[in-house]
>>> print(open('input28.cif').read())   # mmCIF, C-alpha atoms; chains and numbers go by the auth columns
data_run
#
loop_
_atom_site.group_PDB
_atom_site.id
_atom_site.type_symbol
_atom_site.label_atom_id
_atom_site.label_comp_id
_atom_site.label_asym_id
_atom_site.label_seq_id
_atom_site.Cartn_x
_atom_site.Cartn_y
_atom_site.Cartn_z
_atom_site.B_iso_or_equiv
_atom_site.auth_seq_id
_atom_site.auth_asym_id
ATOM 1 C CA MET A 1 0.000 0.000 0.000 0.00 1 E
ATOM 2 C CA SER A 2 1.449 3.347 -1.032 0.00 2 E
ATOM 3 C CA TYR A 3 1.925 6.319 1.285 0.00 3 E
ATOM 4 C CA GLU A 4 -0.903 8.222 -0.420 0.00 4 E
ATOM 5 C CA GLU A 5 -3.283 5.248 -0.235 0.00 5 E
ATOM 6 C CA LYS A 6 -2.636 4.941 3.505 0.00 6 E
ATOM 7 C CA GLY A 7 -3.391 8.652 3.843 0.00 7 E
ATOM 8 C CA THR A 8 -6.679 8.152 1.996 0.00 8 E
ATOM 9 C CA TRP A 9 -7.674 5.346 4.387 0.00 9 E
ATOM 10 C CA VAL A 10 -6.877 7.530 7.402 0.00 10 E
ATOM 11 C CA TYR A 11 -8.823 10.466 5.924 0.00 11 E
ATOM 12 C CA LEU A 12 -11.848 8.233 5.261 0.00 12 E
ATOM 13 C CA VAL A 13 -11.903 6.786 8.776 0.00 13 E
ATOM 14 C CA THR A 14 -11.368 10.100 10.567 0.00 14 E
ATOM 15 C CA SER A 15 -13.903 12.014 8.423 0.00 15 E
ATOM 16 C CA ALA A 16 -16.613 9.409 8.854 0.00 16 E
ATOM 17 C CA GLY A 17 -15.751 8.834 12.521 0.00 17 E
ATOM 18 C CA ALA A 18 -15.899 12.545 13.382 0.00 18 E
ATOM 19 C CA TYR A 19 -19.304 12.882 11.715 0.00 19 E
ATOM 20 C CA VAL A 20 -20.691 9.846 13.574 0.00 20 E
ATOM 21 C CA VAL A 21 -19.550 11.375 16.886 0.00 21 E
ATOM 22 C CA TYR A 22 -21.068 14.739 15.889 0.00 22 E
ATOM 23 C CA LEU A 23 -24.384 13.112 14.963 0.00 23 E
ATOM 24 C CA ALA A 24 -24.513 11.089 18.183 0.00 24 E
ATOM 25 C CA ILE A 25 -24.035 14.215 20.311 0.00 25 E
ATOM 26 C CA VAL A 26 -26.335 16.525 18.330 0.00 26 E
ATOM 27 C CA LEU A 27 -29.131 13.991 17.817 0.00 27 E
ATOM 28 C CA GLY A 28 -29.123 13.425 21.585 0.00 28 E
ATOM 29 C CA GLN A 29 -29.832 17.146 22.049 0.00 29 E
ATOM 30 C CA VAL A 30 -32.437 17.265 19.252 0.00 30 E
ATOM 31 C CA GLN A 31 -34.544 14.687 21.100 0.00 31 E
ATOM 32 C CA ARG A 32 -34.634 16.859 24.226 0.00 32 E
ATOM 33 C CA MET A 33 -35.181 20.397 22.871 0.00 33 E
ATOM 34 C CA PRO A 34 -36.247 22.406 19.773 0.00 34 E
ATOM 35 C CA VAL A 35 -33.537 22.618 17.108 0.00 35 E
ATOM 36 C CA ALA A 36 -33.297 26.414 17.595 0.00 36 E
ATOM 37 C CA HIS A 37 -31.835 25.741 21.053 0.00 37 E
ATOM 38 C CA VAL A 38 -29.482 22.931 20.076 0.00 38 E
ATOM 39 C CA SER A 39 -25.873 23.911 20.718 0.00 39 E
ATOM 40 C CA TYR A 40 -24.440 22.368 17.550 0.00 40 E
ATOM 41 C CA VAL A 41 -21.755 24.968 16.730 0.00 41 E
ATOM 42 C CA PRO A 42 -19.160 23.999 19.372 0.00 42 E
ATOM 43 C CA VAL A 43 -19.773 20.293 18.669 0.00 43 E
ATOM 44 C CA LEU A 44 -19.302 20.845 14.929 0.00 44 E
ATOM 45 C CA LEU A 45 -16.119 22.881 15.397 0.00 45 E
ATOM 46 C CA TRP A 46 -14.639 20.466 17.934 0.00 46 E
ATOM 47 C CA THR A 47 -15.363 17.323 15.914 0.00 47 E
ATOM 48 C CA ALA A 48 -14.081 18.940 12.704 0.00 48 E
ATOM 49 C CA GLY A 49 -10.914 20.050 14.529 0.00 49 E
ATOM 50 C CA ALA A 50 -10.522 16.643 16.159 0.00 50 E
ATOM 51 C CA SER A 51 -10.796 14.906 12.778 0.00 51 E
ATOM 52 C CA ILE A 52 -7.918 17.038 11.429 0.00 52 E
ATOM 53 C CA VAL A 53 -5.728 16.199 14.440 0.00 53 E
ATOM 54 C CA ALA A 54 -6.761 12.523 14.280 0.00 54 E
ATOM 55 C CA SER A 55 -5.882 12.326 10.581 0.00 55 E
ATOM 56 C CA ILE A 56 -2.376 13.710 11.265 0.00 56 E
ATOM 57 C CA VAL A 57 -1.824 11.377 14.225 0.00 57 E
ATOM 58 C CA GLY A 58 -3.377 8.440 12.359 0.00 58 E
ATOM 59 C CA ARG A 59 -1.093 8.957 9.397 0.00 59 E
ATOM 60 C CA VAL A 60 1.988 9.025 11.642 0.00 60 E
ATOM 61 C CA VAL A 61 0.857 5.888 13.498 0.00 61 E
ATOM 62 C CA PHE A 62 0.013 4.033 10.247 0.00 62 E
ATOM 63 C CA GLU A 63 3.355 4.984 8.747 0.00 63 E
ATOM 64 C CA THR A 64 5.207 3.877 11.876 0.00 64 E
ATOM 65 C CA ALA A 65 3.407 0.514 11.919 0.00 65 E
ATOM 66 C CA ARG A 66 3.736 -0.108 8.168 0.00 66 E
ATOM 67 C CA PRO A 67 6.472 2.115 6.689 0.00 67 E
ATOM 68 C CA SER A 68 6.181 3.040 3.010 0.00 68 E
ATOM 69 C CA GLY A 69 9.033 2.625 0.570 0.00 69 E
ATOM 70 C CA SER A 70 8.586 6.234 -0.515 0.00 70 E
ATOM 71 C CA ARG A 71 6.637 9.179 0.873 0.00 71 E
ATOM 72 C CA LYS A 72 6.468 10.981 -2.456 0.00 72 E
ATOM 73 C CA SER A 73 3.301 10.922 -4.509 0.00 73 E
ATOM 74 C CA ASP A 74 3.737 9.905 -8.139 0.00 74 E
ATOM 75 C CA VAL A 75 1.746 10.485 -11.319 0.00 75 E
ATOM 76 C CA ARG A 76 -0.694 7.649 -10.539 0.00 76 E
ATOM 77 C CA ASP A 77 -1.392 9.032 -7.048 0.00 77 E
ATOM 78 C CA ARG A 78 -2.105 12.444 -8.562 0.00 78 E
ATOM 79 C CA GLU A 79 -4.387 11.003 -11.255 0.00 79 E
ATOM 80 C CA ILE A 80 -6.322 8.980 -8.685 0.00 80 E
ATOM 81 C CA ASN A 81 -6.609 12.032 -6.429 0.00 81 E
ATOM 82 C CA ARG A 82 -7.982 14.160 -9.283 0.00 82 E
ATOM 83 C CA PHE A 83 -10.390 11.394 -10.289 0.00 83 E
ATOM 84 C CA GLY A 84 -11.735 11.076 -6.724 0.00 84 E
ATOM 85 C CA GLU A 85 -12.131 14.834 -6.251 0.00 85 E
ATOM 86 C CA HIS A 86 -13.850 15.157 -9.625 0.00 86 E
ATOM 87 C CA ALA A 87 -16.265 12.283 -8.987 0.00 87 E
ATOM 88 C CA SER A 88 -17.308 13.459 -5.514 0.00 88 E
ATOM 89 C CA ARG A 89 -17.504 17.222 -6.090 0.00 89 E
ATOM 90 C CA TRP A 90 -21.279 17.040 -6.609 0.00 90 E
ATOM 91 C CA PHE A 91 -21.809 16.446 -2.898 0.00 91 E
ATOM 92 C CA VAL A 92 -20.292 19.842 -2.096 0.00 92 E
ATOM 93 C CA VAL A 93 -22.399 21.447 -4.826 0.00 93 E
ATOM 94 C CA ALA A 94 -25.531 19.713 -3.510 0.00 94 E
ATOM 95 C CA GLY A 95 -24.758 20.779 0.090 0.00 95 E
ATOM 96 C CA ALA A 96 -24.190 24.386 -0.957 0.00 96 E
ATOM 97 C CA ALA A 97 -27.343 24.430 -3.126 0.00 97 E
ATOM 98 C CA ALA A 98 -29.403 22.898 -0.311 0.00 98 E
ATOM 99 C CA GLY A 99 -28.049 25.520 2.108 0.00 99 E
ATOM 100 C CA LEU A 100 -28.876 28.298 -0.350 0.00 100 E
ATOM 101 C CA PHE A 101 -32.473 27.196 -0.869 0.00 101 E
ATOM 102 C CA MET A 102 -32.981 26.578 2.857 0.00 102 E
ATOM 103 C CA ALA A 103 -31.714 30.095 3.623 0.00 103 E
ATOM 104 C CA MET A 104 -34.044 31.588 1.008 0.00 104 E
ATOM 105 C CA ALA A 105 -36.915 29.642 2.576 0.00 105 E
ATOM 106 C CA ARG A 106 -35.856 30.983 6.018 0.00 106 E
ATOM 107 C CA TRP A 107 -35.120 27.611 7.596 0.00 107 E
ATOM 108 C CA GLU A 108 -33.442 27.445 11.010 0.00 108 E
ATOM 109 C CA TYR A 109 -29.660 28.013 10.932 0.00 109 E
ATOM 110 C CA PHE A 110 -29.333 24.519 12.419 0.00 110 E
ATOM 111 C CA TRP A 111 -30.669 22.858 9.279 0.00 111 E
ATOM 112 C CA ILE A 112 -28.703 25.102 6.903 0.00 112 E
ATOM 113 C CA ALA A 113 -25.399 24.497 8.688 0.00 113 E
ATOM 114 C CA ASN A 114 -26.059 20.769 8.878 0.00 114 E
ATOM 115 C CA ALA A 115 -26.975 20.472 5.199 0.00 115 E
ATOM 116 C CA ILE A 116 -23.693 22.157 4.234 0.00 116 E
ATOM 117 C CA TYR A 117 -21.699 20.100 6.755 0.00 117 E
ATOM 118 C CA LEU A 118 -23.278 16.887 5.449 0.00 118 E
ATOM 119 C CA GLY A 119 -22.259 17.927 1.921 0.00 119 E
ATOM 120 C CA PHE A 120 -18.640 18.278 3.034 0.00 120 E
ATOM 121 C CA VAL A 121 -18.673 14.940 4.873 0.00 121 E
ATOM 122 C CA LEU A 122 -20.187 13.109 1.895 0.00 122 E
ATOM 123 C CA TRP A 123 -17.622 14.749 -0.380 0.00 123 E
ATOM 124 C CA ALA A 124 -14.796 13.510 1.863 0.00 124 E
ATOM 125 C CA VAL A 125 -16.211 10.006 2.297 0.00 125 E
ATOM 126 C CA ALA A 126 -17.298 9.465 -1.324 0.00 126 E
ATOM 127 C CA GLY A 127 -14.040 10.916 -2.642 0.00 127 E
ATOM 128 C CA SER A 128 -12.017 8.576 -0.417 0.00 128 E
ATOM 129 C CA VAL A 129 -14.077 5.536 -1.443 0.00 129 E
ATOM 130 C CA VAL A 130 -13.657 6.383 -5.144 0.00 130 E
ATOM 131 C CA LYS A 131 -9.899 6.830 -4.692 0.00 131 E
ATOM 132 C CA LEU A 132 -9.494 3.569 -2.770 0.00 132 E
ATOM 133 C CA THR A 133 -11.533 1.737 -5.419 0.00 133 E
ATOM 134 C CA ALA A 134 -9.272 3.216 -8.103 0.00 134 E
ATOM 135 C CA TYR A 135 -6.174 2.113 -6.168 0.00 135 E
ATOM 136 C CA HIS A 136 -7.457 -1.467 -6.035 0.00 136 E
ATOM 137 C CA ARG A 137 -9.356 -1.914 -9.309 0.00 137 E
ATOM 138 C CA GLY A 138 -7.573 0.600 -11.506 0.00 138 E
ATOM 139 C CA LEU A 139 -8.474 3.858 -13.195 0.00 139 E
ATOM 140 C CA MET B 1 2.503 -11.224 -19.605 0.00 1 Y
ATOM 141 C CA ILE B 2 0.170 -10.538 -16.736 0.00 2 Y
ATOM 142 C CA VAL B 3 -3.582 -10.597 -16.968 0.00 3 Y
ATOM 143 C CA GLY B 4 -5.279 -8.980 -13.961 0.00 4 Y
ATOM 144 C CA LYS B 5 -8.565 -10.130 -12.448 0.00 5 Y
ATOM 145 C CA SER B 6 -10.442 -6.934 -13.227 0.00 6 Y
ATOM 146 C CA LYS B 7 -8.522 -5.105 -15.912 0.00 7 Y
ATOM 147 C CA PRO B 8 -9.733 -1.623 -16.702 0.00 8 Y
ATOM 148 C CA THR B 9 -7.410 -1.524 -19.725 0.00 9 Y
ATOM 149 C CA ARG B 10 -6.832 -3.791 -22.745 0.00 10 Y
ATOM 150 C CA LEU B 11 -3.177 -2.849 -22.735 0.00 11 Y
ATOM 151 C CA ILE B 12 -1.007 -5.859 -22.015 0.00 12 Y
ATOM 152 C CA ASN B 13 2.655 -5.818 -21.136 0.00 13 Y
ATOM 153 C CA SER B 14 5.759 -7.930 -20.773 0.00 14 Y
ATOM 154 C CA ILE B 15 7.348 -5.994 -17.926 0.00 15 Y
ATOM 155 C CA ARG B 16 7.560 -8.956 -15.581 0.00 16 Y
ATOM 156 C CA ALA B 17 9.367 -11.087 -18.159 0.00 17 Y
ATOM 157 C CA LEU B 18 11.650 -8.184 -19.104 0.00 18 Y
ATOM 158 C CA ARG B 19 12.535 -7.594 -15.454 0.00 19 Y
ATOM 159 C CA PHE B 20 13.598 -11.179 -15.027 0.00 20 Y
ATOM 160 C CA ALA B 21 15.532 -11.056 -18.281 0.00 21 Y
ATOM 161 C CA SER B 22 17.344 -7.968 -16.993 0.00 22 Y
ATOM 162 C CA GLY B 23 19.138 -9.654 -14.128 0.00 23 Y
ATOM 163 C CA GLU B 24 15.996 -10.199 -12.060 0.00 24 Y
ATOM 164 C CA MET B 25 15.421 -6.505 -11.642 0.00 25 Y
ATOM 165 C CA THR B 26 13.003 -5.886 -8.757 0.00 26 Y
ATOM 166 C CA GLN B 27 9.829 -3.817 -9.011 0.00 27 Y
ATOM 167 C CA ALA B 28 11.394 -1.338 -6.584 0.00 28 Y
ATOM 168 C CA GLN B 29 14.469 -0.938 -8.808 0.00 29 Y
ATOM 169 C CA LEU B 30 12.338 -0.352 -11.890 0.00 30 Y
ATOM 170 C CA ALA B 31 10.169 2.098 -9.938 0.00 31 Y
ATOM 171 C CA GLU B 32 13.231 4.065 -8.885 0.00 32 Y
ATOM 172 C CA ARG B 33 14.546 4.175 -12.476 0.00 33 Y
ATOM 173 C CA ILE B 34 11.311 5.657 -13.845 0.00 34 Y
ATOM 174 C CA GLY B 35 10.500 7.847 -10.820 0.00 35 Y
ATOM 175 C CA VAL B 36 7.316 6.235 -9.516 0.00 36 Y
ATOM 176 C CA THR B 37 6.342 4.161 -6.486 0.00 37 Y
ATOM 177 C CA ARG B 38 6.622 0.370 -6.437 0.00 38 Y
ATOM 178 C CA GLN B 39 2.813 0.215 -6.195 0.00 39 Y
ATOM 179 C CA THR B 40 2.551 1.972 -9.555 0.00 40 Y
ATOM 180 C CA VAL B 41 4.870 -0.579 -11.187 0.00 41 Y
ATOM 181 C CA ILE B 42 2.729 -3.359 -9.685 0.00 42 Y
ATOM 182 C CA ALA B 43 -0.445 -1.698 -11.015 0.00 43 Y
ATOM 183 C CA ILE B 44 1.056 -1.376 -14.515 0.00 44 Y
ATOM 184 C CA GLU B 45 2.240 -5.005 -14.502 0.00 45 Y
ATOM 185 C CA GLN B 46 -1.204 -6.222 -13.428 0.00 46 Y
ATOM 186 C CA GLY B 47 -2.991 -4.095 -16.040 0.00 47 Y
ATOM 187 C CA ARG B 48 -4.705 -1.890 -13.457 0.00 48 Y
ATOM 188 C CA TYR B 49 -3.036 1.292 -14.686 0.00 49 Y
ATOM 189 C CA SER B 50 -2.175 2.513 -18.169 0.00 50 Y
ATOM 190 C CA PRO B 51 1.014 4.554 -18.036 0.00 51 Y
ATOM 191 C CA SER B 52 1.400 7.760 -20.007 0.00 52 Y
ATOM 192 C CA LEU B 53 3.191 7.533 -23.349 0.00 53 Y
ATOM 193 C CA GLU B 54 6.226 9.195 -21.774 0.00 54 Y
ATOM 194 C CA MET B 55 6.360 6.685 -18.916 0.00 55 Y
ATOM 195 C CA ALA B 56 5.918 3.822 -21.385 0.00 56 Y
ATOM 196 C CA PHE B 57 8.972 5.064 -23.308 0.00 57 Y
ATOM 197 C CA GLN B 58 10.917 5.420 -20.048 0.00 58 Y
ATOM 198 C CA ILE B 59 10.173 1.780 -19.216 0.00 59 Y
ATOM 199 C CA ALA B 60 11.247 0.679 -22.713 0.00 60 Y
ATOM 200 C CA HIS B 61 14.485 2.689 -22.342 0.00 61 Y
ATOM 201 C CA VAL B 62 15.239 0.969 -19.027 0.00 62 Y
ATOM 202 C CA PHE B 63 15.041 -2.425 -20.727 0.00 63 Y
ATOM 203 C CA LYS B 64 16.703 -1.120 -23.926 0.00 64 Y
ATOM 204 C CA VAL B 65 13.949 -2.543 -26.137 0.00 65 Y
ATOM 205 C CA PRO B 66 11.401 -0.997 -28.538 0.00 66 Y
ATOM 206 C CA LEU B 67 8.120 0.155 -27.023 0.00 67 Y
ATOM 207 C CA ASP B 68 6.090 -2.611 -28.667 0.00 68 Y
ATOM 208 C CA GLU B 69 8.202 -5.245 -26.934 0.00 69 Y
ATOM 209 C CA VAL B 70 7.015 -3.865 -23.606 0.00 70 Y
ATOM 210 C CA PHE B 71 3.413 -2.962 -24.391 0.00 71 Y
ATOM 211 C CA GLN B 72 0.959 -4.517 -26.799 0.00 72 Y
ATOM 212 C CA TYR B 73 -2.571 -3.470 -27.640 0.00 73 Y
ATOM 213 C CA PRO B 74 -4.437 -6.414 -29.186 0.00 74 Y
ATOM 214 C CA GLY B 75 -7.070 -5.465 -31.749 0.00 75 Y
ATOM 215 C CA THR B 76 -10.319 -7.283 -32.351 0.00 76 Y
ATOM 216 C CA ASP B 77 -10.642 -9.665 -35.308 0.00 77 Y
ATOM 217 C CA GLY B 78 -12.580 -7.074 -37.306 0.00 78 Y
ATOM 218 C CA GLU B 79 -9.793 -4.520 -36.992 0.00 79 Y
ATOM 219 C CA ARG B 80 -7.179 -6.620 -38.672 0.00 80 Y
#
>>> encode(input="input28.cif", output="structure tokens")
Amino acid sequence: MSYEEKGTWVYLVTSAGAYVVYLAIVLGQVQRMPVAHVSYVPVLLWTAGASIVASIVGRVVFETARPSGSRKSDVRDREINRFGEHASRWFVVAGAAAGLFMAMARWEYFWIANAIYLGFVLWAVAGSVVKLTAYHRGL
Amino acid sequence: MIVGKSKPTRLINSIRALRFASGEMTQAQLAERIGVTRQTVIAIEQGRYSPSLEMAFQIAHVFKVPLDEVFQYPGTDGER
């Protein structure tokens, strides 16, 4: 497994894991109070920040456990990265469009922020899955 | 010649045979010569990645053979 493929695995796990933690905390609050009172902002910022830290630590740990022959990305890594970003970009577009229409319809900030956040998470997860599939089955 | 399980390309190659004919050159040595990772050499050998024309020529230069001794692109019966 190449250095870049390991990084993609770590990014997938940390992105998905952070969102699961965020959902578990926020959904617990949603059941107890109206969404206008749900304190989602600190949870969102903390889980997003934690996922960045976890991806850095995870990459170091993975590399220590299974060292790569080279830490440079090559032309295939770059092609796979572009392919994954291109294939998954629609999730960001969909999240932004959903946020735009929800704002125009005067939805609660909670729903707007969560629609956009979900778009980013799906972009990260789908992009990683596409890249890992390309690493294993070819471009 | 290597035929992968799920080949996304029809391009076939003789890299594995050429490596062994060149003093049992390892995948890592070939990768270093053409400036890619060993995983990329493995992917090319297994038909999971089609190299650029430039990289294909680099591989042929390493083995000191013409390009069509390294890579072949079989046509269908109707094309010939």
>>> closest_atom_pairs(input="input28.cif", of="stretch 5-75 of chain E", to="stretch 27-39 of chain Y", cutoff="8 Å", atoms="only C-alpha atoms", output="Markdown table")
| residue | atom | partner | partner_atom | distance |
| --- | --- | --- | --- | --- |
| E:Gly69 | CA | Y:Thr37 | CA | 7.7 |
| E:Ser70 | CA | Y:Thr37 | CA | 6.7 |
| E:Lys72 | CA | Y:Thr37 | CA | 7.9 |
| E:Ser73 | CA | Y:Thr37 | CA | 7.7 |
| E:Asp74 | CA | Y:Val36 | CA | 5.3 |
| E:Val75 | CA | Y:Val36 | CA | 7.2 |
>>> resolve_selection(input="input28.cif", expression="the PyMOL selection byres ((chain Y) within 10 of (chain E))", output="ChimeraX atom specification")
/Y:4-9,28,32,35-41,43-44,46-52,55
>>> closest_residue(input="input28.cif", among="Y:Met25, Y:Leu18, Y:Ile42, Y:Ile12", to="Y:Lys64", atoms="only C-alpha atoms")
Y:Leu18
>>> closest_residue(input="input28.cif", among="E:Leu45, E:Ile80, E:Ala36, E:Leu27", to="E:Leu132", atoms="all atoms listed in the file")
E:Ile80
>>> atom_distance(input="input28.cif", atom1="atom CA of E:Ala126", atom2="atom CA of E:Ala50")
20.1 Å
>>> residues_near_point(input="input28.cif", point="(17.2, -2.7, -15.3)", cutoff="6 Å", atoms="only C-alpha atoms", output="list in words")
Ser22, Met25, Val62 and Phe63 of chain Y
>>> atom_distance(input="input28.cif", atom1="atom CA of E:Lys6", atom2="atom CA of E:Thr64")
11.5 Å
>>> atom_distance(input="input28.cif", atom1="atom CA of E:Ala98", atom2="atom CA of E:Gly119")
9.0 Å
>>> residues_near_point(input="input28.cif", point="(3.7, -5.6, -19.9)", cutoff="10 Å", atoms="only C-alpha atoms", output="list in words")
Met1, Ile2, Val3, Leu11, Ile12, Asn13, Ser14, Ile15, Arg16, Ala17, Leu18, Ile44, Glu45, Gln46, Gly47, Ala56, Ile59, Asp68, Glu69, Val70, Phe71 and Gln72 of chain Y
>>> residues_around(input="input28.cif", residues="E:Ser128", least_positions_apart="5", cutoff="10 Å", atoms="only C-alpha atoms", output="PyMOL selection string")
chain E and resi 5+7-13+15+81+84-85+88+122-123+133-134
>>> resolve_selection(input="input28.cif", expression="the PyMOL selection byres ((chain E and resi 120) around 10)", output="PDB file with C-alpha atoms, in the frame of the given file")
ATOM      1  CA  SER E  15     -13.903  12.014   8.423  1.00  0.00           C
ATOM      2  CA  SER E  88     -17.308  13.459  -5.514  1.00  0.00           C
ATOM      3  CA  ARG E  89     -17.504  17.222  -6.090  1.00  0.00           C
ATOM      4  CA  PHE E  91     -21.809  16.446  -2.898  1.00  0.00           C
ATOM      5  CA  VAL E  92     -20.292  19.842  -2.096  1.00  0.00           C
ATOM      6  CA  VAL E  93     -22.399  21.447  -4.826  1.00  0.00           C
ATOM      7  CA  ALA E  94     -25.531  19.713  -3.510  1.00  0.00           C
ATOM      8  CA  GLY E  95     -24.758  20.779   0.090  1.00  0.00           C
ATOM      9  CA  ALA E  96     -24.190  24.386  -0.957  1.00  0.00           C
ATOM     10  CA  ASN E 114     -26.059  20.769   8.878  1.00  0.00           C
ATOM     11  CA  ALA E 115     -26.975  20.472   5.199  1.00  0.00           C
ATOM     12  CA  ILE E 116     -23.693  22.157   4.234  1.00  0.00           C
ATOM     13  CA  TYR E 117     -21.699  20.100   6.755  1.00  0.00           C
ATOM     14  CA  LEU E 118     -23.278  16.887   5.449  1.00  0.00           C
ATOM     15  CA  GLY E 119     -22.259  17.927   1.921  1.00  0.00           C
ATOM     16  CA  VAL E 121     -18.673  14.940   4.873  1.00  0.00           C
ATOM     17  CA  LEU E 122     -20.187  13.109   1.895  1.00  0.00           C
ATOM     18  CA  TRP E 123     -17.622  14.749  -0.380  1.00  0.00           C
ATOM     19  CA  ALA E 124     -14.796  13.510   1.863  1.00  0.00           C
ATOM     20  CA  VAL E 125     -16.211  10.006   2.297  1.00  0.00           C
ATOM     21  CA  ALA E 126     -17.298   9.465  -1.324  1.00  0.00           C
TER      22      ALA E 126
END
>>> resolve_selection(input="input28.cif", expression="the PyMOL selection byres ((chain E and resi 25) around 12)", output="ChimeraX atom specification")
/E:18-24,26-32,38-44,46-47
>>> build_atoms(input="input28.cif", residues="stretch 3-18 of chain E", atoms="N, CA and C atoms", output="short mmCIF file (atom, residue, chain, number, x, y, z; two decimals), in the frame of the given file")
data_model
loop_
_atom_site.label_atom_id
_atom_site.label_comp_id
_atom_site.auth_asym_id
_atom_site.auth_seq_id
_atom_site.Cartn_x
_atom_site.Cartn_y
_atom_site.Cartn_z
N TYR E 3 2.07 5.28 0.26
CA TYR E 3 1.92 6.32 1.28
C TYR E 3 0.62 7.10 1.10
N GLU E 4 0.31 7.45 -0.14
CA GLU E 4 -0.90 8.22 -0.42
C GLU E 4 -2.16 7.39 -0.18
N GLU E 5 -2.11 6.10 -0.48
CA GLU E 5 -3.28 5.25 -0.24
C GLU E 5 -3.54 5.12 1.27
N LYS E 6 -2.48 4.99 2.05
CA LYS E 6 -2.64 4.94 3.50
C LYS E 6 -3.28 6.23 3.99
N GLY E 7 -2.82 7.36 3.45
CA GLY E 7 -3.39 8.65 3.84
C GLY E 7 -4.88 8.73 3.51
N THR E 8 -5.27 8.14 2.39
CA THR E 8 -6.68 8.15 2.00
C THR E 8 -7.51 7.33 2.97
N TRP E 9 -6.97 6.18 3.39
CA TRP E 9 -7.67 5.35 4.39
C TRP E 9 -7.87 6.12 5.69
N VAL E 10 -6.81 6.77 6.14
CA VAL E 10 -6.88 7.53 7.40
C VAL E 10 -7.91 8.66 7.27
N TYR E 11 -7.89 9.36 6.15
CA TYR E 11 -8.82 10.47 5.92
C TYR E 11 -10.27 9.97 5.93
N LEU E 12 -10.50 8.81 5.30
CA LEU E 12 -11.85 8.23 5.26
C LEU E 12 -12.34 7.91 6.67
N VAL E 13 -11.50 7.22 7.43
CA VAL E 13 -11.90 6.79 8.78
C VAL E 13 -12.13 7.99 9.69
N THR E 14 -11.23 8.95 9.66
CA THR E 14 -11.37 10.10 10.57
C THR E 14 -12.55 11.00 10.17
N SER E 15 -12.77 11.18 8.87
CA SER E 15 -13.90 12.01 8.42
C SER E 15 -15.23 11.38 8.83
N ALA E 16 -15.36 10.10 8.53
CA ALA E 16 -16.61 9.41 8.85
C ALA E 16 -16.78 9.30 10.36
N GLY E 17 -15.69 8.99 11.06
CA GLY E 17 -15.75 8.83 12.52
C GLY E 17 -16.15 10.13 13.21
N ALA E 18 -15.58 11.25 12.77
CA ALA E 18 -15.90 12.54 13.38
C ALA E 18 -17.37 12.88 13.16
#
